Amino acid sequence: MLNAWLSPEEWSAVALSLKVAATAVAASLVPGIAVAMLLARGRFPGRRALDAVVHLPLVLPPVAVGYLLLLTFGRRAPAGAFLAEHLGLVFSFRWTGAALACAVMGFPLLVRAVRLSIESVDRRLEKAGETLGAHPAWVFLLVTLPLITPGILAGAVLCFAKAMGEFGATITFVSNIPGETQTLPTAIYAFTQVPGGEGRALRLTLVSVAISVAALWASEWLARRVRRRLAAG
Amino acid sequence: MLNAWLSPEEWSAVALSLKVAATAVAASLVPGIAVAMLLARGRFPGRRALDAVVHLPLVLPPVAVGYLLLLTFGRRAPAGAFLAEHLGLVFSFRWTGAALACAVMGFPLLVRAVRLSIESVDRRLEKAGETLGAHPAWVFLLVTLPLITPGILAGAVLCFAKAMGEFGATITFVSNIPGETQTLPTAIYAFTQVPGGEGRALRLTLVSVAISVAALWASEWLARRVRRRLAAG
Amino acid sequence: AARSEGIVVFAAASLRNALDDIAAAWQRESGTKAAVSYAGSNVLARQIEAGAPADVFLSADLDWMDYAASKGLIDPASRTNLLGNALVLIAPKDEGADIALVPGVDLAAALKGGRLAMAGVEAVPAGRYGKAALQRLGAWEGVKDRIAQAENVRAALLFVARGEAPLGIVYRTDAASDPSVRVVATFPADAHPPILYPAALTRTARPEARAFLAFLGSPQARQAFERHGFSFRGKPVSGS
Amino acid sequence: MSLEVDIRHRLGAFVLDAHFRSEGRLTALFGRSGAGKTTLVNAIGGLVRPERGRIAVQGRVLLDTDKGIDVPVHRRRVGYVFQEGRLFPHLTVRQNLLFGRWFTPRRERRADFGRVVDLLGIGHLLGRRPGTLSGGEKQRVAIGRALLADPQILLMDEPLASLDDTRKAEIYPYIERLRDEGRVPIVLVSHSVPEIARLATAVVVLAEGRAVACGPAAEILRHPELFPEPGPAEAGALVETRVLRHEDSFDLTVLETRSGPLTVPRLDLPVGAPLRVRIRARDVILALERPQGLSALNVLPGRVEAMEGGEGPGLDVTLDCGGERLLARITRKSAAHLGLAPGREVHAIVKSVAFDSQVVTRTPRED
Amino acid sequence: MSLEVDIRHRLGAFVLDAHFRSEGRLTALFGRSGAGKTTLVNAIGGLVRPERGRIAVQGRVLLDTDKGIDVPVHRRRVGYVFQEGRLFPHLTVRQNLLFGRWFTPRRERRADFGRVVDLLGIGHLLGRRPGTLSGGEKQRVAIGRALLADPQILLMDEPLASLDDTRKAEIYPYIERLRDEGRVPIVLVSHSVPEIARLATAVVVLAEGRAVACGPAAEILRHPELFPEPGPAEAGALVETRVLRHEDSFDLTVLETRSGPLTVPRLDLPVGAPLRVRIRARDVILALERPQGLSALNVLPGRVEAMEGGEGPGLDVTLDCGGERLLARITRKSAAHLGLAPGREVHAIVKSVAFDSQVVTRTPRED
Ligand SMILES: Nc1ncnc2c1ncn2[C@@H]1O[C@H](COP(=O)(O)OP(=O)(O)OP(=O)(O)O)[C@@H](O)[C@H]1O
Ligand SMILES: Nc1ncnc2c1ncn2[C@@H]1O[C@H](COP(=O)(O)OP(=O)(O)OP(=O)(O)O)[C@@H](O)[C@H]1O
Ligand code: MOO
Ligand SMILES: [Mg+2]
Ligand SMILES: [Mg+2]
């Protein structure tokens, strides 16, 4: 039934969007937590600059971000060439590039949520962990991380939703190639550019919204479970 | 010196963007806190639906949001006509419409940050406030609100930054009228559309980034002050 | 996937309806897949510059094709002006009287305080053509402060369709398909630079792309383009 | 004064099923860790909503699940000193203290800010925030905050647990005054028998969620079985007395009891003032004859009424000293040596210094 | 065993300037609320970094600002029972308890999980999370968590403050065992003189950030001026004794002291076992002649060595009873009546039941 409802090309956009969004979230989780930790706790010279850089994708028009990515990670750009040669990691006009674009756009949202959580952790608990012989890194894993789970979940779902809706940076960086870089939002865009495409655009929009809302609800369900555990009687 | 650097039209885009972003933040602060509170604490039937609706602008391609705004608040749309008639509030092709678009786009970010903060408030403190005779509304004002200030600041600055960068929904909803609805991002967009416009686009981008980063740093400075007060010795 | 099994066509987003049909037909005929990436011409041109795996480039105006050519990104020999379009003045379905687009026309009066919806007049091809036409007709000065510039021509159409703007300037192809607007007048073809959609192979085009470019000139393709309101201008050159 | 509680509430495997009625001005809740004291106090304060039951303070019904009454927390007017502080971290000590005042009708504002602050010794902390206070300082501020809200019932969950004795000795008289002014009933959770003996007019003993005993303090404290090891040392008799005269040269005061005069360290009370004295069983020595050349000033003649012993070396001897019932805890060996038996005439000897401020208190005024 | 502290640290207007060296296995920190006890313990644990100073435990330098030594918290191997719990809310009680174990080298894991859990009576809580525990339950888990980390120094900040007496009585012997095994020095913050007398081998008295007294427990506790009102009642003498014999029929034990036999409630110790007994000044009655027909079993002959009185009705009489120094607190009136003066022969009378578990403890082994 759904098969009749969406064309194979549309299906592939749905599948690709899921892959891209999931990859974006998965890839930005660890760096996102690390950066949030640095910003929340670090006392180093470049802290404010890092803070600004992290927020940049939020401030810049997405198209500008896509353009910057193209200039940095394009096939002919230094970073892009380096990664392609040494790690075999090619972004330009690949789905990996779409994932990179989405990750970059979602990054400030992820970092903010995690950071807010970190800043509300009772540091006395961490100190208690240290007195029990745990190296600060262990304390982070065993105490801080579990306590900020709600923030991580919130950040991840924001990042995921952003990835499901991100259009400007993606289309600018990796274009809109069906089966390779055509995600749901870029497909929707293409439909809105021609007469009569509204119906199909709307259908795809609904699919995209449904997926994001499902992710949202799942994350909230998880967060509530975690929070209930943490609740002080 | 700056006058020479930016044309009068560009200056007006800068001023307009500031006005639009500030208005968007100011207007969404109270509803944002209210919705965050509802989502964090409320137990009512439409909670999950509200949650989904709030996140929608994040998931939808910005152009789609602009389109929806046009369908809702346009001159001929029911809500738009109602507001124009009864409150004299006209959005279409006005800077107010740009502010509305930015507020809508920034809303999920604001709500998320505030909500995360609310969820980390120790509810036992609120109960203590009630035992002292304070009605829950007073407790909210005197206890909860001060405790979530860091989250409100974080949410406000995310919303502000988003407003400084928002393009798709704005241009779709209120187009790109210099002096009226041409914000920094729409101006930047126009420059990127012509071969050779990169220089001016870049200049405006730097201005936009500078403003947002200043706002970011200011908010962090404030948040740090607040947090230092709250810190448990 | 697209890269290895078929060709990649970079086409201006406004060509989508026609080109989707044509790509499907070609695929059936040749057995080779043609993946079409639709985006703004400017975006596509810059991407080709950045090394995009495009084989064919279909631009919505000459400027961005010229840009690509100047950077040596296309095979100049393969370049043709494939399609043409016309510019029309539109109004919401039941509104406004017909206007004769003659030199000296007072469009400002026709706006009655409203805005004239156009695609970006500096940036977007449809907007640039529209501005040129208005200038030629001596109407530009009267309306230049009343223009609502949309991101693209479809958004301009939307402003008129939703009644936000009493008048708008869009392509004939867009106006024809939307029942909530009506064409008030068609701009004389000589009032603006020719509205042309050039096509070319890129420098890195795979061999199969040449056949696709040729197919764009086939009667079948011509029919599809014309069905969607384009005027067919010329058969692409297939040899180099 | 009255506090009626009849509630049932389940928390996981724990069931609070408390039913009692206390007429005391200050009702002490006593019970082991986990017995349900905090849960009970929370129910009175409205922080826990019992599954079913009824709570009334001075006849004012705060909860009645049958009738669907559940007064919201902020209208219960409880002054709650929490077991864990709960100071507002964003407010200064002064703001914390004055928080409740905002919500007190002006004419009911009785507690005097300056006095409370002085009493608690927190004057130098007023501008600080709770984050930097020491444990005891936090607790004192919490007490002040509750007092300054001019509550209609004061709930104190181990308020003095982390205070030093000197500080406690300073705060006790104030709590006594509050109690005796009789405007607000007080519920006090405490693990300290001397504290309860000093302050309580009624005691409720909780064990595993049940109120196993409830009654006037004098009565409940007489039951050693309710105050398990090492409590027995704390068992004793509450004797109601009256100031007879002062011996200023020796800084002593003589009290009048039904069993004769009792010499105690000088008390700053007028002659005739009523007093409650707790004579700990372990402080009493028995002698067959009135002893001579002894440093103990108090020798009360009496008769052995009963002798109760259980396991161990001790024996609780109940004496009737001129109508006053005293308790003495001696060894079985001594009892055997002295040939003690019910009916036997003896002298009870108590040192004057045994009557420190922990056992001599003004008699709570009862309604 | 040794603990050396010589630090200076400023917190706002408060200055901690503590300099002492304790050789005790269990050093008690005593002082009023806000005296700086927690700050001092934090400095030992590494949670506060003093502006300058030196801290060494058993010769192991934890901090030396001059030499730039500051051992990180997680390598100090302190077992810290915090004044405010600090249990990990996301972990179950069991996981909280075992947290430290992960970071203890396997061969140093000595504390037995089952035993500690039983001792603290928290077996039924293992699967719960701290959020739902009662105040005392949290505190017990916190104690267990510190013990199970097999620390090299145990820091306990009022660990027993919110526990009932029965629970305390169960935990004391365990702390004594830890103390006497002598593997880890213990620092105990306590407001309770009986607790300190029972557990401490050394006492440091803090006042306004300064260590005003420091020394062996027996010595410090003899100074009433250090334990302000109502502390004097708690002053007394620590007497080292040895089990002489048991009187099974009466459930009594007779101890040998330099001043003669002392009869106390039956102790479960072998004959010959060393014991420490605290004889509270307020429990001692003086008689000119050996009294007859008295329920008190202990009569120790001695001589008045000194008499010290201040304000008030009391007088502290120091006795020399066969080389053992005892303290008696009597009224000035009694002293006058009896004609007491230094050199005078007297008899000290102490009830057997005065020797409850709070004052009779096994002698801490000293190195
Ligand atoms: N940041 C600070 N600014 C000012 N004063 C401080 C700060 N931190 C602590 N103090 C003060 O230092 C003193 C010592 O505090 P500490 O917690 O060590 O006391 P304590 O002896 O443990 O008291 P308690 O028995 O009440 O727990 C207190 O008076 C406290 O108010
Ligand atoms: N949500 C819950 N699930 C299971 N048991 C609970 C829950 N909440 C409280 N309890 C249990 O209820 C009992 C009573 O708790 P309460 O806090 O009233 O004790 P308490 O008498 O105040 O003890 P303490 O003197 O230690 O403070 C405790 O054993 C506690 O573990
Ligand atoms: O004079 Mo006494 O023995 O102190 O009562
Ligand atoms: Mg409790
Ligand atoms: Mg402390």
# chains A, B, ... in the order shown; residues from 1 in each chain; ligands from 1

call {"tool": "select_by_dssp", "arguments": {"residues": "range 42-285 of chain E", "states": "helix (DSSP H, G or I)", "output": "JSON, numbers by chain"}}
result
{"E": [42, 43, 44, 45, 73, 74, 75, 76, 93, 94, 95, 96, 97, 98, 100, 101, 102, 103, 106, 107, 108, 113, 114, 115, 116, 117, 118, 119, 120, 123, 124, 125, 130, 131, 132, 135, 136, 137, 138, 139, 140, 141, 142, 143, 144, 145, 146, 147, 165, 166, 167, 168, 169, 170, 171, 172, 173, 174, 175, 176, 177, 178, 179, 180, 181, 193, 194, 195, 196, 197, 198, 199, 217, 218, 219, 220, 224, 225, 226, 231, 232, 233, 234, 248, 249, 250, 281, 282, 283]}

call {"tool": "residues_near_ligand", "arguments": {"ligand": "ligand 5", "cutoff": "10 Å", "atoms": "only C-alpha atoms and all ligand atoms", "output": "MDAnalysis selection string"}}
result
(chainID D and resid 133:138 162:163) or (chainID E and resid 31:42 82:84 157:158 189:190)

call {"tool": "residues_around", "arguments": {"residues": "Ala336 in chain E", "least_positions_apart": "2", "cutoff": "12 Å", "atoms": "only C-alpha atoms", "output": "list in words"}}
result
Ser249, Phe250, Gly293, Leu294, Ser295 and Leu297 of chain D; Met307, Pro313, Gly314, Leu315, Ile330, Thr331, Arg332, Lys333, Ser334, Leu338, Gly339, Leu340 and Ala341 of chain E

call {"tool": "write_last_selection", "arguments": {"atoms": "N, CA and C atoms", "output": "PDB file, in the first residue's frame"}}
result
ATOM      1  N   SER D 249      23.468  31.617  98.062  1.00  0.00           N
ATOM      2  CA  SER D 249      24.889  31.502  98.395  1.00  0.00           C
ATOM      3  C   SER D 249      25.532  30.305  97.701  1.00  0.00           C
ATOM      4  N   PHE D 250      24.759  29.262  97.488  1.00  0.00           N
ATOM      5  CA  PHE D 250      25.335  28.093  96.827  1.00  0.00           C
ATOM      6  C   PHE D 250      24.867  27.945  95.380  1.00  0.00           C
ATOM      7  N   GLY D 293      27.010  11.826 105.615  1.00  0.00           N
ATOM      8  CA  GLY D 293      28.332  12.164 105.056  1.00  0.00           C
ATOM      9  C   GLY D 293      28.470  11.885 103.586  1.00  0.00           C
ATOM     10  N   LEU D 294      27.392  12.148 102.854  1.00  0.00           N
ATOM     11  CA  LEU D 294      27.393  11.872 101.427  1.00  0.00           C
ATOM     12  C   LEU D 294      27.279  13.191 100.669  1.00  0.00           C
ATOM     13  N   SER D 295      27.933  13.256  99.510  1.00  0.00           N
ATOM     14  CA  SER D 295      27.876  14.512  98.762  1.00  0.00           C
ATOM     15  C   SER D 295      26.532  14.737  98.092  1.00  0.00           C
ATOM     16  N   LEU D 297      22.837  15.642  97.707  1.00  0.00           N
ATOM     17  CA  LEU D 297      21.974  16.470  98.538  1.00  0.00           C
ATOM     18  C   LEU D 297      20.552  15.964  98.625  1.00  0.00           C
TER      19      LEU D 297
ATOM     20  N   MET E 307      40.395  20.954  93.856  1.00  0.00           N
ATOM     21  CA  MET E 307      38.991  21.328  93.712  1.00  0.00           C
ATOM     22  C   MET E 307      38.929  22.566  92.857  1.00  0.00           C
ATOM     23  N   PRO E 313      26.815  26.455  90.633  1.00  0.00           N
ATOM     24  CA  PRO E 313      26.774  25.656  91.853  1.00  0.00           C
ATOM     25  C   PRO E 313      27.796  24.525  91.879  1.00  0.00           C
ATOM     26  N   GLY E 314      28.424  24.247  90.756  1.00  0.00           N
ATOM     27  CA  GLY E 314      29.226  23.024  90.681  1.00  0.00           C
ATOM     28  C   GLY E 314      30.677  23.218  91.043  1.00  0.00           C
ATOM     29  N   LEU E 315      31.305  22.106  91.336  1.00  0.00           N
ATOM     30  CA  LEU E 315      32.701  22.067  91.738  1.00  0.00           C
ATOM     31  C   LEU E 315      33.257  20.787  91.146  1.00  0.00           C
ATOM     32  N   ILE E 330      30.394  17.805  92.109  1.00  0.00           N
ATOM     33  CA  ILE E 330      29.426  17.925  93.199  1.00  0.00           C
ATOM     34  C   ILE E 330      29.072  19.396  93.372  1.00  0.00           C
ATOM     35  N   THR E 331      28.130  19.650  94.249  1.00  0.00           N
ATOM     36  CA  THR E 331      27.782  21.059  94.469  1.00  0.00           C
ATOM     37  C   THR E 331      28.713  21.667  95.513  1.00  0.00           C
ATOM     38  N   ARG E 332      28.836  22.981  95.425  1.00  0.00           N
ATOM     39  CA  ARG E 332      29.664  23.664  96.420  1.00  0.00           C
ATOM     40  C   ARG E 332      29.082  23.459  97.819  1.00  0.00           C
ATOM     41  N   LYS E 333      27.767  23.360  97.855  1.00  0.00           N
ATOM     42  CA  LYS E 333      27.127  23.179  99.154  1.00  0.00           C
ATOM     43  C   LYS E 333      27.569  21.875  99.807  1.00  0.00           C
ATOM     44  N   SER E 334      27.557  20.809  98.974  1.00  0.00           N
ATOM     45  CA  SER E 334      27.992  19.513  99.509  1.00  0.00           C
ATOM     46  C   SER E 334      29.429  19.603  99.987  1.00  0.00           C
ATOM     47  N   LEU E 338      30.550  18.745 103.687  1.00  0.00           N
ATOM     48  CA  LEU E 338      31.447  17.622 103.986  1.00  0.00           C
ATOM     49  C   LEU E 338      32.813  18.114 104.430  1.00  0.00           C
ATOM     50  N   GLY E 339      33.038  19.415 104.288  1.00  0.00           N
ATOM     51  CA  GLY E 339      34.339  19.960 104.664  1.00  0.00           C
ATOM     52  C   GLY E 339      35.457  19.422 103.781  1.00  0.00           C
ATOM     53  N   LEU E 340      35.153  19.315 102.475  1.00  0.00           N
ATOM     54  CA  LEU E 340      36.173  18.775 101.569  1.00  0.00           C
ATOM     55  C   LEU E 340      37.296  19.770 101.366  1.00  0.00           C
ATOM     56  N   ALA E 341      38.487  19.249 101.285  1.00  0.00           N
ATOM     57  CA  ALA E 341      39.653  20.077 100.995  1.00  0.00           C
ATOM     58  C   ALA E 341      40.729  19.164 100.443  1.00  0.00           C
TER      59      ALA E 341
END

call {"tool": "atom_distance", "arguments": {"atom1": "CA of Ala84 in chain B", "atom2": "CA of Arg115 in chain C"}}
result
17.5 Å

call {"tool": "closest_residue", "arguments": {"among": "A:Leu39, A:Asp122, A:Trp221, A:Ala137", "to": "chain D", "atoms": "only C-alpha atoms"}}
result
A:Asp122

call {"tool": "closest_atom_pairs", "arguments": {"of": "chain C", "to": "chain A", "cutoff": "7 Å", "atoms": "only C-alpha atoms", "output": "CSV"}}
result
residue,atom,partner,partner_atom,distance
C:Ala1,CA,A:Glu180,CA,6.7
C:Ala2,CA,A:Glu180,CA,6.7
C:Ala13,CA,A:Gln193,CA,5.8
C:Ser14,CA,A:Val194,CA,5.4
C:Arg16,CA,A:Val194,CA,6.3
C:Asn17,CA,A:Val194,CA,6.4
C:Ala35,CA,A:Pro178,CA,5.8
C:Val36,CA,A:Ile177,CA,6.1
C:Ser37,CA,A:Ile177,CA,4.4
C:Tyr38,CA,A:Ala190,CA,6.0
C:Ala39,CA,A:Asn176,CA,6.9
C:Val43,CA,A:Thr172,CA,6.0
C:Ala50,CA,A:Gly74,CA,6.0
C:Gly51,CA,A:Arg75,CA,6.0
C:Ala52,CA,A:Phe93,CA,6.3
C:Arg154,CA,A:Gln193,CA,5.9
C:Asp174,CA,A:Pro195,CA,5.8
C:Ser177,CA,A:Pro195,CA,5.6
C:Asp178,CA,A:Pro195,CA,6.9

call {"tool": "write_last_selection", "arguments": {"atoms": "all heavy atoms", "output": "CSV table (one decimal), in the first residue's frame"}}
result
chain,number,residue,atom,x,y,z
C,1,ALA,N,26.3,4.9,-6.2
C,1,ALA,CA,25.5,4.0,-7.1
C,1,ALA,C,25.3,4.7,-8.4
C,1,ALA,O,25.6,4.1,-9.5
C,1,ALA,CB,24.2,3.7,-6.4
C,2,ALA,N,24.8,5.9,-8.3
C,2,ALA,CA,24.5,6.6,-9.6
C,2,ALA,C,25.7,6.7,-10.5
C,2,ALA,O,25.6,6.5,-11.7
C,2,ALA,CB,23.9,8.0,-9.3
C,13,ALA,N,16.0,23.4,-11.3
C,13,ALA,CA,14.8,22.8,-10.7
C,13,ALA,C,13.5,23.0,-11.5
C,13,ALA,O,12.6,22.1,-11.4
C,13,ALA,CB,14.7,23.3,-9.3
C,14,SER,N,13.4,24.1,-12.2
C,14,SER,CA,12.2,24.3,-12.9
C,14,SER,C,12.0,23.4,-14.1
C,14,SER,O,10.9,23.3,-14.7
C,14,SER,CB,12.2,25.8,-13.4
C,14,SER,OG,13.4,26.0,-14.2
C,16,ARG,N,12.0,20.2,-13.8
C,16,ARG,CA,11.8,18.8,-13.2
C,16,ARG,C,10.7,18.0,-13.9
C,16,ARG,O,10.9,16.9,-14.3
C,16,ARG,CB,11.4,19.0,-11.8
C,16,ARG,CG,10.9,17.6,-11.3
C,16,ARG,CD,11.1,17.4,-9.8
C,16,ARG,NE,11.1,16.0,-9.6
C,16,ARG,CZ,11.4,15.4,-8.5
C,16,ARG,NH1,11.9,16.1,-7.5
C,16,ARG,NH2,11.4,14.1,-8.3
C,17,ASN,N,9.5,18.6,-14.1
C,17,ASN,CA,8.4,17.9,-14.6
C,17,ASN,C,8.7,17.2,-16.0
C,17,ASN,O,8.5,16.0,-16.2
C,17,ASN,CB,7.1,18.7,-14.8
C,17,ASN,CG,6.4,18.9,-13.4
C,17,ASN,OD1,6.8,18.2,-12.5
C,17,ASN,ND2,5.5,19.8,-13.4
C,35,ALA,N,20.3,9.7,-13.4
C,35,ALA,CA,19.9,10.3,-12.2
C,35,ALA,C,19.9,11.8,-12.4
C,35,ALA,O,20.9,12.4,-12.8
C,35,ALA,CB,20.8,9.9,-11.0
C,36,VAL,N,18.8,12.5,-12.1
C,36,VAL,CA,18.8,14.0,-12.3
C,36,VAL,C,18.8,14.7,-11.0
C,36,VAL,O,17.9,14.4,-10.1
C,36,VAL,CB,17.5,14.4,-13.1
C,36,VAL,CG1,17.7,15.9,-13.5
C,36,VAL,CG2,17.3,13.5,-14.3
C,37,SER,N,19.8,15.5,-10.8
C,37,SER,CA,19.8,16.3,-9.5
C,37,SER,C,19.3,17.7,-9.8
C,37,SER,O,19.9,18.5,-10.6
C,37,SER,CB,21.3,16.4,-9.1
C,37,SER,OG,21.4,17.2,-7.9
C,38,TYR,N,18.2,18.0,-9.2
C,38,TYR,CA,17.5,19.3,-9.4
C,38,TYR,C,17.9,20.3,-8.3
C,38,TYR,O,17.8,20.0,-7.1
C,38,TYR,CB,16.0,19.2,-9.5
C,38,TYR,CG,15.5,18.3,-10.6
C,38,TYR,CD1,15.1,17.0,-10.3
C,38,TYR,CD2,15.4,18.8,-11.9
C,38,TYR,CE1,14.6,16.2,-11.3
C,38,TYR,CE2,14.9,18.0,-12.9
C,38,TYR,CZ,14.5,16.7,-12.6
C,38,TYR,OH,14.0,15.9,-13.6
C,39,ALA,N,18.4,21.5,-8.7
C,39,ALA,CA,18.7,22.5,-7.8
C,39,ALA,C,18.8,23.8,-8.5
C,39,ALA,O,18.6,23.8,-9.8
C,39,ALA,CB,20.0,22.2,-7.0
C,43,VAL,N,23.7,26.9,-7.8
C,43,VAL,CA,24.2,25.9,-6.9
C,43,VAL,C,24.9,24.8,-7.8
C,43,VAL,O,26.0,24.4,-7.5
C,43,VAL,CB,23.1,25.3,-6.1
C,43,VAL,CG1,23.5,24.0,-5.4
C,43,VAL,CG2,22.5,26.3,-5.1
C,50,ALA,N,33.2,22.5,-8.2
C,50,ALA,CA,33.9,21.8,-7.0
C,50,ALA,C,34.1,20.3,-7.3
C,50,ALA,O,34.5,19.6,-6.4
C,50,ALA,CB,33.0,22.0,-5.8
C,51,GLY,N,33.8,19.9,-8.5
C,51,GLY,CA,34.1,18.5,-8.9
C,51,GLY,C,33.0,17.5,-8.8
C,51,GLY,O,33.2,16.3,-8.6
C,52,ALA,N,31.8,18.1,-8.9
C,52,ALA,CA,30.6,17.2,-8.8
C,52,ALA,C,30.6,16.2,-10.0
C,52,ALA,O,31.1,16.5,-11.1
C,52,ALA,CB,29.3,18.0,-8.9
C,154,ARG,N,8.8,30.2,-8.2
C,154,ARG,CA,7.7,29.4,-7.7
C,154,ARG,C,7.1,30.2,-6.4
C,154,ARG,O,5.9,30.2,-6.2
C,154,ARG,CB,8.1,28.0,-7.2
C,154,ARG,CG,8.6,27.2,-8.3
C,154,ARG,CD,7.6,26.8,-9.3
C,154,ARG,NE,6.4,26.2,-8.7
C,154,ARG,CZ,5.3,25.9,-9.4
C,154,ARG,NH1,5.2,26.3,-10.6
C,154,ARG,NH2,4.3,25.4,-8.8
C,174,ASP,N,5.0,28.3,-15.4
C,174,ASP,CA,4.5,28.2,-14.0
C,174,ASP,C,3.0,28.7,-14.0
C,174,ASP,O,2.2,28.0,-13.4
C,174,ASP,CB,5.3,29.2,-13.1
C,174,ASP,CG,6.8,28.7,-13.0
C,174,ASP,OD1,7.0,27.5,-12.7
C,174,ASP,OD2,7.6,29.6,-13.3
C,177,SER,N,0.1,26.3,-15.1
C,177,SER,CA,-0.3,25.1,-14.3
C,177,SER,C,-1.1,25.4,-13.1
C,177,SER,O,-1.5,24.5,-12.4
C,177,SER,CB,0.9,24.3,-13.9
C,177,SER,OG,1.8,25.2,-13.1
C,178,ASP,N,-1.2,26.7,-12.7
C,178,ASP,CA,-1.8,27.0,-11.4
C,178,ASP,C,-3.2,27.7,-11.6
C,178,ASP,O,-3.3,28.8,-12.1
C,178,ASP,CB,-0.9,28.0,-10.7
C,178,ASP,CG,-1.3,28.1,-9.2
C,178,ASP,OD1,-2.5,27.9,-8.9
C,178,ASP,OD2,-0.4,28.3,-8.3

call {"tool": "closest_atom_pairs", "arguments": {"of": "chain E", "to": "chain A", "cutoff": "9 Å", "atoms": "only C-alpha atoms", "output": "Markdown table"}}
result
| residue | atom | partner | partner_atom | distance |
| --- | --- | --- | --- | --- |
| E:Gly45 | CA | A:Thr131 | CA | 7.1 |
| E:Gly46 | CA | A:Thr131 | CA | 8.3 |
| E:Leu47 | CA | A:Lys127 | CA | 7.1 |
| E:Pro72 | CA | A:Glu130 | CA | 8.6 |
| E:Val73 | CA | A:Thr131 | CA | 5.6 |
| E:His74 | CA | A:Gly133 | CA | 4.2 |
| E:Arg75 | CA | A:Gly133 | CA | 6.0 |
| E:Arg76 | CA | A:Thr131 | CA | 7.3 |
| E:Arg77 | CA | A:Gly133 | CA | 5.8 |
| E:Val78 | CA | A:Thr131 | CA | 5.8 |
| E:Gly79 | CA | A:Leu132 | CA | 6.4 |
| E:Tyr80 | CA | A:Thr131 | CA | 6.6 |
| E:Phe82 | CA | A:Ala128 | CA | 8.3 |
| E:Arg86 | CA | A:Leu125 | CA | 5.7 |
| E:Leu87 | CA | A:Leu125 | CA | 7.2 |
| E:Phe88 | CA | A:Leu125 | CA | 6.6 |
| E:Pro89 | CA | A:Leu230 | CA | 5.3 |
| E:His90 | CA | A:Leu230 | CA | 5.3 |
| E:Leu91 | CA | A:Leu230 | CA | 8.6 |
| E:Phe99 | CA | A:Leu132 | CA | 7.1 |
| E:Gly100 | CA | A:Leu132 | CA | 4.6 |
| E:Arg101 | CA | A:Leu132 | CA | 8.1 |
| E:Trp102 | CA | A:Ala134 | CA | 8.2 |
| E:Phe103 | CA | A:Gly133 | CA | 5.4 |
| E:Thr104 | CA | A:Gly133 | CA | 7.1 |
| E:Arg129 | CA | A:Arg229 | CA | 7.4 |
| E:Pro130 | CA | A:Ala232 | CA | 7.4 |
| E:Gly131 | CA | A:Ala232 | CA | 3.9 |
| E:Thr132 | CA | A:Gly233 | CA | 4.4 |
| E:Leu133 | CA | A:Gly233 | CA | 7.5 |
| E:Arg145 | CA | A:Leu132 | CA | 8.3 |
| E:Ala146 | CA | A:Leu132 | CA | 7.2 |
| E:Ala149 | CA | A:Leu132 | CA | 6.1 |
| E:Pro151 | CA | A:Leu132 | CA | 8.0 |

call {"tool": "closest_residue", "arguments": {"among": "A:Val157, A:Leu204, A:Met105, A:Ala169", "to": "Ala218 in chain A", "atoms": "only C-alpha atoms"}}
result
A:Val157

call {"tool": "residues_around", "arguments": {"residues": "Pro193 in chain C", "least_positions_apart": "2", "cutoff": "10 Å", "atoms": "only C-alpha atoms", "output": "list of chain:residue names"}}
result
C:Leu62, C:Arg128, C:Tyr129, C:Gly130, C:Ala132, C:Ala133, C:Ala189, C:Asp190, C:Ala191, C:Ile195, C:Leu196

call {"tool": "select_by_dssp", "arguments": {"residues": "range 35-139 of chain C", "states": "strand (DSSP E)", "output": "ChimeraX atom specification"}}
result
/C:35-39,56-58,80-84,87-92,116-119

call {"tool": "residues_around", "arguments": {"residues": "Cys102 in chain A", "least_positions_apart": "4", "cutoff": "10 Å", "atoms": "only C-alpha atoms", "output": "list in words"}}
result
Val20, Ala21, Ala22, Thr23, Ala24, Val25, Ser28, Gly66, Thr96, Gly97, Ala98, Gly106, Phe107, Cys159, Phe160, Ala161, Lys162, Ala163, Met164, Gly165, Glu166, Phe167, Gly168, Ala169 and Thr170 of chain A
